[in-house]
Amino acid sequence: MASKHSAASKMPIFIGPEECEKYLDLQELYRTLEGAFGSYSRGTTGGIIQPVRTVLPVEKYEGFYGVMPVFSEKDNALGTKLVSFYSKNTDIATHQAVIVLNNASDGSVKAILDGGVITDIRTAMSSAVATKVLKKSSSPMTLAILGAGAQAISHHKVFSKLFDLSEVRIWSRTFSKVEQLSAQLGAKPCRSAEEAVKDADVIVTATMSKTPILMAEWVKSGAHINSVGACRPDWHEVDPILMRKASVFCDSREAAAKESGDIILAEADIYAEIGEILNGTISHVGPDKTTVFKSLGMAIEDIVSAKLVYDNYIKENA
C-alpha cells in the first residue's frame, strides 16, 4: 500500500497493482479511451504528440524492451510507459511494465505506477470501445477468446461488465490452462480454436503465436474480431485471407504500418482508425462485413489510464 500523499511533497508516489485496479473505474475508463482515440485521429488538431514506440531487441534473452512517451494537451497528461516482453518467461509474466506520470507544466515526476494491470485493462477496454462501435447487433452475443493468459482474464472482466454475453468460449494450445481458466470464469472450454469461434459474434485473439491461429473459413460473416497479439512486424495470429477479406480497423495507422505483422504480412488495407469512426469522419461498414480491430496499444491509452488512476488515488489519499 502506498503511503499518504502530501500535495507539498516533491517525491513521486508509487501506485501498485492492487491500487491501480481499485482506482481504474471501468465506466470512466471507457469514456476516457473514447476521447483519447478521437483526439489522436484528429491529427495535429487533437493535441496529442506521440511517436511510434521505440523497441529495443534484447536478442541474448529473446526479449524486447519498449519506450512509449506521449503528451496530450487536452488531458494535460505527460508520461512514458516502459515495457518489456520476454515470450519465454515462465515463472514471471511475459510482459512487465511501469508507467512514469509527469507533471505536464514542469516535467517533474508525479507518480510511478505498476503498468501490468493498467496495460491489461486498457487493452481490454480498447477492444470494448471498438466492439461497441463495430458490433452489428445489440442482442446477446457469443464471445470467443483465443488465449488463456492475462489478456483473456481482462477481456472477460471488461466484456462481462459492458456487454450482454450469451456464452463465453475459451481456447488455448494448453488445454489444462483452458480448463482451469474456464472453471474460474464460468466459460466453456474448447479443445480447438475452430470449435471456439464457430458462429461466434465477437472473437478476441490474445496469444503469443507468431503464426495464424484464427482461420478465415471458421469465422461467420459479420463477426467482429479484436486482435491484440502479434505485436511485431514478422508475427501474425490472424489468417492473411481473413485480413484481406475483412474491413480492418486500427488504433494508429502509423504504428500499424510499422509494427503489425497481421497487416504487413497479409498486405491488408486499413479501412480506418477507430478514432475516425468515433469522430464520424469515416462511415461504418455494412452489417454483413466482417471487421477486425488490430490493437497494437498506444502510449496515449496508457497515460490517460494512469492519470485516471492517479487522480482517483489523490482524491482519496490526499
# chains A, B, ... in the order shown; residues from 1 in each chain; ligands from 1
>>> residues_around(residues="segment 55-67 of chain A", least_positions_apart="4", cutoff="9 Å", atoms="only C-alpha atoms", output="NGL selection string")
:A and (80-88 or 299)
>>> closest_atom_pairs(of="segment 80-159 of chain A", to="segment 12-18 of chain A", cutoff="9 Å", atoms="only C-alpha atoms", output="CSV")
residue,atom,partner,partner_atom,distance
A:Leu101,CA,A:Pro12,CA,8.9
A:Ser108,CA,A:Pro12,CA,8.5
A:Val109,CA,A:Pro12,CA,5.7
A:Lys110,CA,A:Pro12,CA,4.7
A:Ala111,CA,A:Pro12,CA,4.6
A:Ile112,CA,A:Phe14,CA,4.9
A:Leu113,CA,A:Ile15,CA,4.7
A:Asp114,CA,A:Gly16,CA,5.2
A:Gly115,CA,A:Pro17,CA,7.8
A:Gly116,CA,A:Pro17,CA,7.2
A:Val117,CA,A:Pro17,CA,5.9
A:Ile118,CA,A:Pro17,CA,8.2
>>> residues_around(residues="Gly186 of chain A", least_positions_apart="2", cutoff="12 Å", atoms="only C-alpha atoms", output="list in words")
Ile153, His156, Lys157, Ser160, Leu165, Ser166, Glu167, Val168, Arg169, Ile170, Val178, Glu179, Gln180, Leu181, Ser182, Ala183, Gln184, Lys188 and Pro189 of chain A
>>> closest_atom_pairs(of="segment 52-163 of chain A", to="segment 248-267 of chain A", cutoff="9 Å", atoms="only C-alpha atoms", output="tab-separated table")
residue	atom	partner	partner_atom	distance
A:Val52	CA	A:Ala255	CA	5.7
A:Arg53	CA	A:Ala255	CA	8.0
A:Ser126	CA	A:Asp251	CA	8.8
A:Ala130	CA	A:Phe249	CA	8.6
>>> residues_around(residues="Met125 of chain A", least_positions_apart="2", cutoff="9 Å", atoms="only C-alpha atoms", output="PyMOL selection string")
chain A and resi 26+29-30+33+120-123+127-130+154-155+158-159
>>> select_by_dssp(residues="segment 233-284 of chain A", states="helix (DSSP H, G or I)", output="list in words")
Pro240, Ile241, Leu242, Met243, Arg244, Lys245, Arg253, Glu254, Ala255, Ala256, Ala257, Lys258, Glu259, Gly261, Asp262, Ile263, Ile264, Ile274, Gly275, Glu276, Ile277, Leu278 and Asn279 of chain A
>>> write_last_selection(atoms="N, CA, C and O atoms", output="CSV table (one decimal), in the first residue's frame")
chain,number,residue,atom,x,y,z
A,240,PRO,N,-4.1,-14.5,-43.1
A,240,PRO,CA,-4.0,-13.4,-44.1
A,240,PRO,C,-5.2,-13.3,-45.0
A,240,PRO,O,-5.6,-12.2,-45.4
A,241,ILE,N,-5.8,-14.4,-45.4
A,241,ILE,CA,-7.0,-14.4,-46.2
A,241,ILE,C,-8.1,-13.6,-45.5
A,241,ILE,O,-8.8,-12.8,-46.1
A,242,LEU,N,-8.2,-13.9,-44.2
A,242,LEU,CA,-9.3,-13.2,-43.4
A,242,LEU,C,-8.9,-11.7,-43.3
A,242,LEU,O,-9.9,-10.9,-43.4
A,243,MET,N,-7.7,-11.3,-43.1
A,243,MET,CA,-7.3,-9.9,-43.0
A,243,MET,C,-7.6,-9.2,-44.3
A,243,MET,O,-8.0,-8.0,-44.3
A,244,ARG,N,-7.4,-9.9,-45.4
A,244,ARG,CA,-7.7,-9.2,-46.7
A,244,ARG,C,-9.2,-9.1,-47.0
A,244,ARG,O,-9.7,-8.2,-47.7
A,245,LYS,N,-10.0,-10.1,-46.5
A,245,LYS,CA,-11.4,-10.1,-46.8
A,245,LYS,C,-12.2,-9.1,-45.9
A,245,LYS,O,-13.2,-8.5,-46.3
A,253,ARG,N,-2.7,4.2,-37.7
A,253,ARG,CA,-2.2,3.8,-39.0
A,253,ARG,C,-0.7,3.8,-39.0
A,253,ARG,O,-0.1,2.9,-39.6
A,254,GLU,N,-0.1,4.8,-38.4
A,254,GLU,CA,1.4,4.9,-38.4
A,254,GLU,C,2.0,3.7,-37.7
A,254,GLU,O,3.0,3.1,-38.3
A,255,ALA,N,1.5,3.3,-36.6
A,255,ALA,CA,2.0,2.2,-35.8
A,255,ALA,C,1.8,0.9,-36.5
A,255,ALA,O,2.6,0.0,-36.6
A,256,ALA,N,0.6,0.7,-37.1
A,256,ALA,CA,0.2,-0.5,-37.7
A,256,ALA,C,1.1,-0.8,-38.9
A,256,ALA,O,1.5,-1.9,-39.2
A,257,ALA,N,1.4,0.3,-39.7
A,257,ALA,CA,2.3,0.1,-40.9
A,257,ALA,C,3.7,-0.3,-40.5
A,257,ALA,O,4.4,-0.9,-41.3
A,258,LYS,N,4.1,0.0,-39.3
A,258,LYS,CA,5.4,-0.4,-38.8
A,258,LYS,C,5.5,-1.6,-38.0
A,258,LYS,O,6.5,-2.4,-38.0
A,259,GLU,N,4.4,-1.9,-37.2
A,259,GLU,CA,4.5,-2.9,-36.2
A,259,GLU,C,3.6,-4.2,-36.4
A,259,GLU,O,3.9,-5.2,-35.8
A,261,GLY,N,2.4,-7.3,-37.9
A,261,GLY,CA,2.6,-8.4,-38.8
A,261,GLY,C,1.3,-8.8,-39.5
A,261,GLY,O,1.2,-9.2,-40.6
A,262,ASP,N,0.2,-8.8,-38.7
A,262,ASP,CA,-1.1,-9.2,-39.3
A,262,ASP,C,-1.5,-8.4,-40.5
A,262,ASP,O,-2.1,-8.9,-41.4
A,263,ILE,N,-1.2,-7.1,-40.4
A,263,ILE,CA,-1.5,-6.2,-41.6
A,263,ILE,C,-0.4,-6.3,-42.6
A,263,ILE,O,-0.6,-6.4,-43.8
A,264,ILE,N,0.9,-6.2,-42.2
A,264,ILE,CA,2.0,-6.1,-43.1
A,264,ILE,C,2.1,-7.4,-43.9
A,264,ILE,O,2.3,-7.4,-45.2
A,274,ILE,N,-9.9,3.6,-35.4
A,274,ILE,CA,-11.1,3.5,-34.6
A,274,ILE,C,-11.6,5.0,-34.2
A,274,ILE,O,-12.8,5.3,-34.2
A,275,GLY,N,-10.6,5.8,-34.1
A,275,GLY,CA,-10.9,7.2,-33.7
A,275,GLY,C,-11.6,8.0,-34.9
A,275,GLY,O,-12.4,8.9,-34.6
A,276,GLU,N,-11.3,7.6,-36.1
A,276,GLU,CA,-12.0,8.2,-37.2
A,276,GLU,C,-13.5,7.8,-37.3
A,276,GLU,O,-14.3,8.6,-37.7
A,277,ILE,N,-13.8,6.6,-36.9
A,277,ILE,CA,-15.2,6.2,-36.8
A,277,ILE,C,-15.9,6.9,-35.6
A,277,ILE,O,-17.0,7.4,-35.8
A,278,LEU,N,-15.2,7.0,-34.5
A,278,LEU,CA,-15.8,7.7,-33.4
A,278,LEU,C,-16.0,9.2,-33.7
A,278,LEU,O,-17.0,9.8,-33.3
A,279,ASN,N,-15.1,9.8,-34.5
A,279,ASN,CA,-15.2,11.2,-34.9
A,279,ASN,C,-16.3,11.4,-36.0
A,279,ASN,O,-16.6,12.6,-36.2
>>> residues_around(residues="Ala104 of chain A", least_positions_apart="5", cutoff="12 Å", atoms="only C-alpha atoms", output="count of residues only")
15
>>> closest_residue(among="A:Met298, A:Val219, A:Glu28, A:Asp311", to="Ile48 of chain A", atoms="only C-alpha atoms")
A:Met298
>>> select_by_dssp(residues="segment 26-229 of chain A", states="strand (DSSP E)", output="VMD selection string")
chain A and resid 48 to 49 54 to 58 63 to 72 77 to 86 95 to 102 109 to 114 141 to 146 165 to 171 188 to 189 202 to 205 224 to 227
>>> residues_around(residues="Asp288 of chain A", least_positions_apart="3", cutoff="9 Å", atoms="only C-alpha atoms", output="VMD selection string")
chain A and resid 136 221 to 223 285
>>> closest_residue(among="A:Asp201, A:Asn317, A:Met68, A:Pro51", to="Ser139 of chain A", atoms="only C-alpha atoms")
A:Asp201
>>> decode(residues="segment 281-297 of chain A", atoms="all heavy atoms", output="PDB file, in the first residue's frame")
ATOM      1  N   THR A 281     -15.678  10.921 -39.130  1.00  0.00           N
ATOM      2  CA  THR A 281     -15.011  11.357 -40.364  1.00  0.00           C
ATOM      3  C   THR A 281     -14.963  10.255 -41.412  1.00  0.00           C
ATOM      4  O   THR A 281     -14.764  10.535 -42.596  1.00  0.00           O
ATOM      5  CB  THR A 281     -13.577  11.838 -40.066  1.00  0.00           C
ATOM      6  OG1 THR A 281     -12.874  10.813 -39.356  1.00  0.00           O
ATOM      7  CG2 THR A 281     -13.604  13.101 -39.214  1.00  0.00           C
ATOM      8  N   ILE A 282     -15.131   9.001 -40.982  1.00  0.00           N
ATOM      9  CA  ILE A 282     -15.249   7.863 -41.900  1.00  0.00           C
ATOM     10  C   ILE A 282     -16.476   7.073 -41.464  1.00  0.00           C
ATOM     11  O   ILE A 282     -16.707   6.861 -40.274  1.00  0.00           O
ATOM     12  CB  ILE A 282     -13.988   6.984 -41.882  1.00  0.00           C
ATOM     13  CG1 ILE A 282     -12.796   7.759 -42.456  1.00  0.00           C
ATOM     14  CG2 ILE A 282     -14.210   5.697 -42.676  1.00  0.00           C
ATOM     15  CD1 ILE A 282     -11.514   6.964 -42.537  1.00  0.00           C
ATOM     16  N   SER A 283     -17.270   6.622 -42.426  1.00  0.00           N
ATOM     17  CA  SER A 283     -18.527   5.966 -42.109  1.00  0.00           C
ATOM     18  C   SER A 283     -18.326   4.489 -41.783  1.00  0.00           C
ATOM     19  O   SER A 283     -17.304   3.882 -42.128  1.00  0.00           O
ATOM     20  CB  SER A 283     -19.503   6.101 -43.281  1.00  0.00           C
ATOM     21  OG  SER A 283     -18.956   5.495 -44.441  1.00  0.00           O
ATOM     22  N   HIS A 284     -19.329   3.899 -41.143  1.00  0.00           N
ATOM     23  CA  HIS A 284     -19.322   2.482 -40.804  1.00  0.00           C
ATOM     24  C   HIS A 284     -19.391   1.623 -42.067  1.00  0.00           C
ATOM     25  O   HIS A 284     -19.803   2.073 -43.136  1.00  0.00           O
ATOM     26  CB  HIS A 284     -20.530   2.143 -39.928  1.00  0.00           C
ATOM     27  CG  HIS A 284     -20.441   2.711 -38.545  1.00  0.00           C
ATOM     28  ND1 HIS A 284     -20.310   1.926 -37.438  1.00  0.00           N
ATOM     29  CD2 HIS A 284     -20.445   3.986 -38.102  1.00  0.00           C
ATOM     30  CE1 HIS A 284     -20.251   2.692 -36.370  1.00  0.00           C
ATOM     31  NE2 HIS A 284     -20.337   3.944 -36.749  1.00  0.00           N
ATOM     32  N   VAL A 285     -19.028   0.342 -41.897  1.00  0.00           N
ATOM     33  CA  VAL A 285     -19.177  -0.621 -42.991  1.00  0.00           C
ATOM     34  C   VAL A 285     -20.543  -1.287 -42.865  1.00  0.00           C
ATOM     35  O   VAL A 285     -21.251  -1.121 -41.878  1.00  0.00           O
ATOM     36  CB  VAL A 285     -18.059  -1.682 -42.950  1.00  0.00           C
ATOM     37  CG1 VAL A 285     -16.712  -1.029 -43.153  1.00  0.00           C
ATOM     38  CG2 VAL A 285     -18.087  -2.457 -41.631  1.00  0.00           C
ATOM     39  N   GLY A 286     -20.917  -2.066 -43.879  1.00  0.00           N
ATOM     40  CA  GLY A 286     -22.216  -2.737 -43.888  1.00  0.00           C
ATOM     41  C   GLY A 286     -22.326  -3.814 -42.823  1.00  0.00           C
ATOM     42  O   GLY A 286     -21.321  -4.329 -42.329  1.00  0.00           O
ATOM     43  N   PRO A 287     -23.565  -4.204 -42.467  1.00  0.00           N
ATOM     44  CA  PRO A 287     -23.795  -5.160 -41.383  1.00  0.00           C
ATOM     45  C   PRO A 287     -23.289  -6.572 -41.666  1.00  0.00           C
ATOM     46  O   PRO A 287     -23.076  -7.349 -40.739  1.00  0.00           O
ATOM     47  CB  PRO A 287     -25.315  -5.148 -41.222  1.00  0.00           C
ATOM     48  CG  PRO A 287     -25.842  -4.685 -42.539  1.00  0.00           C
ATOM     49  CD  PRO A 287     -24.834  -3.712 -43.048  1.00  0.00           C
ATOM     50  N   ASP A 288     -23.099  -6.919 -42.929  1.00  0.00           N
ATOM     51  CA  ASP A 288     -22.634  -8.272 -43.264  1.00  0.00           C
ATOM     52  C   ASP A 288     -21.112  -8.362 -43.391  1.00  0.00           C
ATOM     53  O   ASP A 288     -20.576  -9.439 -43.671  1.00  0.00           O
ATOM     54  CB  ASP A 288     -23.278  -8.738 -44.575  1.00  0.00           C
ATOM     55  CG  ASP A 288     -24.785  -8.876 -44.451  1.00  0.00           C
ATOM     56  OD1 ASP A 288     -25.247  -9.224 -43.348  1.00  0.00           O
ATOM     57  OD2 ASP A 288     -25.490  -8.620 -45.443  1.00  0.00           O
ATOM     58  N   LYS A 289     -20.445  -7.257 -43.198  1.00  0.00           N
ATOM     59  CA  LYS A 289     -19.000  -7.226 -43.370  1.00  0.00           C
ATOM     60  C   LYS A 289     -18.295  -7.645 -42.082  1.00  0.00           C
ATOM     61  O   LYS A 289     -18.576  -7.118 -41.010  1.00  0.00           O
ATOM     62  CB  LYS A 289     -18.550  -5.810 -43.759  1.00  0.00           C
ATOM     63  CG  LYS A 289     -17.092  -5.702 -44.162  1.00  0.00           C
ATOM     64  CD  LYS A 289     -16.826  -6.333 -45.524  1.00  0.00           C
ATOM     65  CE  LYS A 289     -15.405  -6.045 -45.999  1.00  0.00           C
ATOM     66  NZ  LYS A 289     -15.126  -6.686 -47.284  1.00  0.00           N
ATOM     67  N   THR A 290     -17.382  -8.594 -42.178  1.00  0.00           N
ATOM     68  CA  THR A 290     -16.563  -8.977 -41.037  1.00  0.00           C
ATOM     69  C   THR A 290     -15.556  -7.863 -40.754  1.00  0.00           C
ATOM     70  O   THR A 290     -14.983  -7.288 -41.681  1.00  0.00           O
ATOM     71  CB  THR A 290     -15.822 -10.293 -41.330  1.00  0.00           C
ATOM     72  OG1 THR A 290     -16.790 -11.316 -41.589  1.00  0.00           O
ATOM     73  CG2 THR A 290     -14.947 -10.713 -40.159  1.00  0.00           C
ATOM     74  N   THR A 291     -15.378  -7.556 -39.485  1.00  0.00           N
ATOM     75  CA  THR A 291     -14.472  -6.471 -39.108  1.00  0.00           C
ATOM     76  C   THR A 291     -13.365  -6.985 -38.192  1.00  0.00           C
ATOM     77  O   THR A 291     -13.573  -7.904 -37.397  1.00  0.00           O
ATOM     78  CB  THR A 291     -15.226  -5.329 -38.398  1.00  0.00           C
ATOM     79  OG1 THR A 291     -15.987  -5.859 -37.304  1.00  0.00           O
ATOM     80  CG2 THR A 291     -16.162  -4.619 -39.361  1.00  0.00           C
ATOM     81  N   VAL A 292     -12.189  -6.370 -38.319  1.00  0.00           N
ATOM     82  CA  VAL A 292     -11.045  -6.691 -37.463  1.00  0.00           C
ATOM     83  C   VAL A 292     -10.524  -5.388 -36.863  1.00  0.00           C
ATOM     84  O   VAL A 292     -10.251  -4.425 -37.596  1.00  0.00           O
ATOM     85  CB  VAL A 292      -9.903  -7.365 -38.252  1.00  0.00           C
ATOM     86  CG1 VAL A 292      -8.683  -7.573 -37.348  1.00  0.00           C
ATOM     87  CG2 VAL A 292     -10.356  -8.693 -38.835  1.00  0.00           C
ATOM     88  N   PHE A 293     -10.414  -5.346 -35.547  1.00  0.00           N
ATOM     89  CA  PHE A 293      -9.730  -4.238 -34.885  1.00  0.00           C
ATOM     90  C   PHE A 293      -8.349  -4.731 -34.490  1.00  0.00           C
ATOM     91  O   PHE A 293      -8.208  -5.564 -33.607  1.00  0.00           O
ATOM     92  CB  PHE A 293     -10.502  -3.766 -33.655  1.00  0.00           C
ATOM     93  CG  PHE A 293      -9.757  -2.728 -32.835  1.00  0.00           C
ATOM     94  CD1 PHE A 293      -9.277  -1.562 -33.424  1.00  0.00           C
ATOM     95  CD2 PHE A 293      -9.540  -2.917 -31.470  1.00  0.00           C
ATOM     96  CE1 PHE A 293      -8.584  -0.616 -32.673  1.00  0.00           C
ATOM     97  CE2 PHE A 293      -8.856  -1.978 -30.710  1.00  0.00           C
ATOM     98  CZ  PHE A 293      -8.385  -0.820 -31.317  1.00  0.00           C
ATOM     99  N   LYS A 294      -7.324  -4.223 -35.180  1.00  0.00           N
ATOM    100  CA  LYS A 294      -5.947  -4.597 -34.866  1.00  0.00           C
ATOM    101  C   LYS A 294      -5.431  -3.633 -33.803  1.00  0.00           C
ATOM    102  O   LYS A 294      -5.143  -2.476 -34.085  1.00  0.00           O
ATOM    103  CB  LYS A 294      -5.058  -4.551 -36.110  1.00  0.00           C
ATOM    104  CG  LYS A 294      -3.637  -5.038 -35.845  1.00  0.00           C
ATOM    105  CD  LYS A 294      -3.611  -6.470 -35.392  1.00  0.00           C
ATOM    106  CE  LYS A 294      -2.455  -6.764 -34.459  1.00  0.00           C
ATOM    107  NZ  LYS A 294      -2.436  -8.153 -34.019  1.00  0.00           N
ATOM    108  N   SER A 295      -5.346  -4.134 -32.590  1.00  0.00           N
ATOM    109  CA  SER A 295      -4.975  -3.313 -31.434  1.00  0.00           C
ATOM    110  C   SER A 295      -3.504  -3.511 -31.115  1.00  0.00           C
ATOM    111  O   SER A 295      -3.096  -4.584 -30.677  1.00  0.00           O
ATOM    112  CB  SER A 295      -5.842  -3.707 -30.234  1.00  0.00           C
ATOM    113  OG  SER A 295      -5.435  -3.034 -29.075  1.00  0.00           O
ATOM    114  N   LEU A 296      -2.715  -2.474 -31.338  1.00  0.00           N
ATOM    115  CA  LEU A 296      -1.294  -2.540 -31.010  1.00  0.00           C
ATOM    116  C   LEU A 296      -0.996  -1.888 -29.667  1.00  0.00           C
ATOM    117  O   LEU A 296      -0.005  -2.192 -29.022  1.00  0.00           O
ATOM    118  CB  LEU A 296      -0.469  -1.866 -32.108  1.00  0.00           C
ATOM    119  CG  LEU A 296      -0.423  -2.646 -33.421  1.00  0.00           C
ATOM    120  CD1 LEU A 296      -0.017  -1.752 -34.565  1.00  0.00           C
ATOM    121  CD2 LEU A 296       0.518  -3.829 -33.292  1.00  0.00           C
ATOM    122  N   GLY A 297      -1.878  -0.999 -29.242  1.00  0.00           N
ATOM    123  CA  GLY A 297      -1.668  -0.293 -27.983  1.00  0.00           C
ATOM    124  C   GLY A 297      -0.845   0.954 -28.198  1.00  0.00           C
ATOM    125  O   GLY A 297       0.236   0.906 -28.799  1.00  0.00           O
TER     126      GLY A 297
END
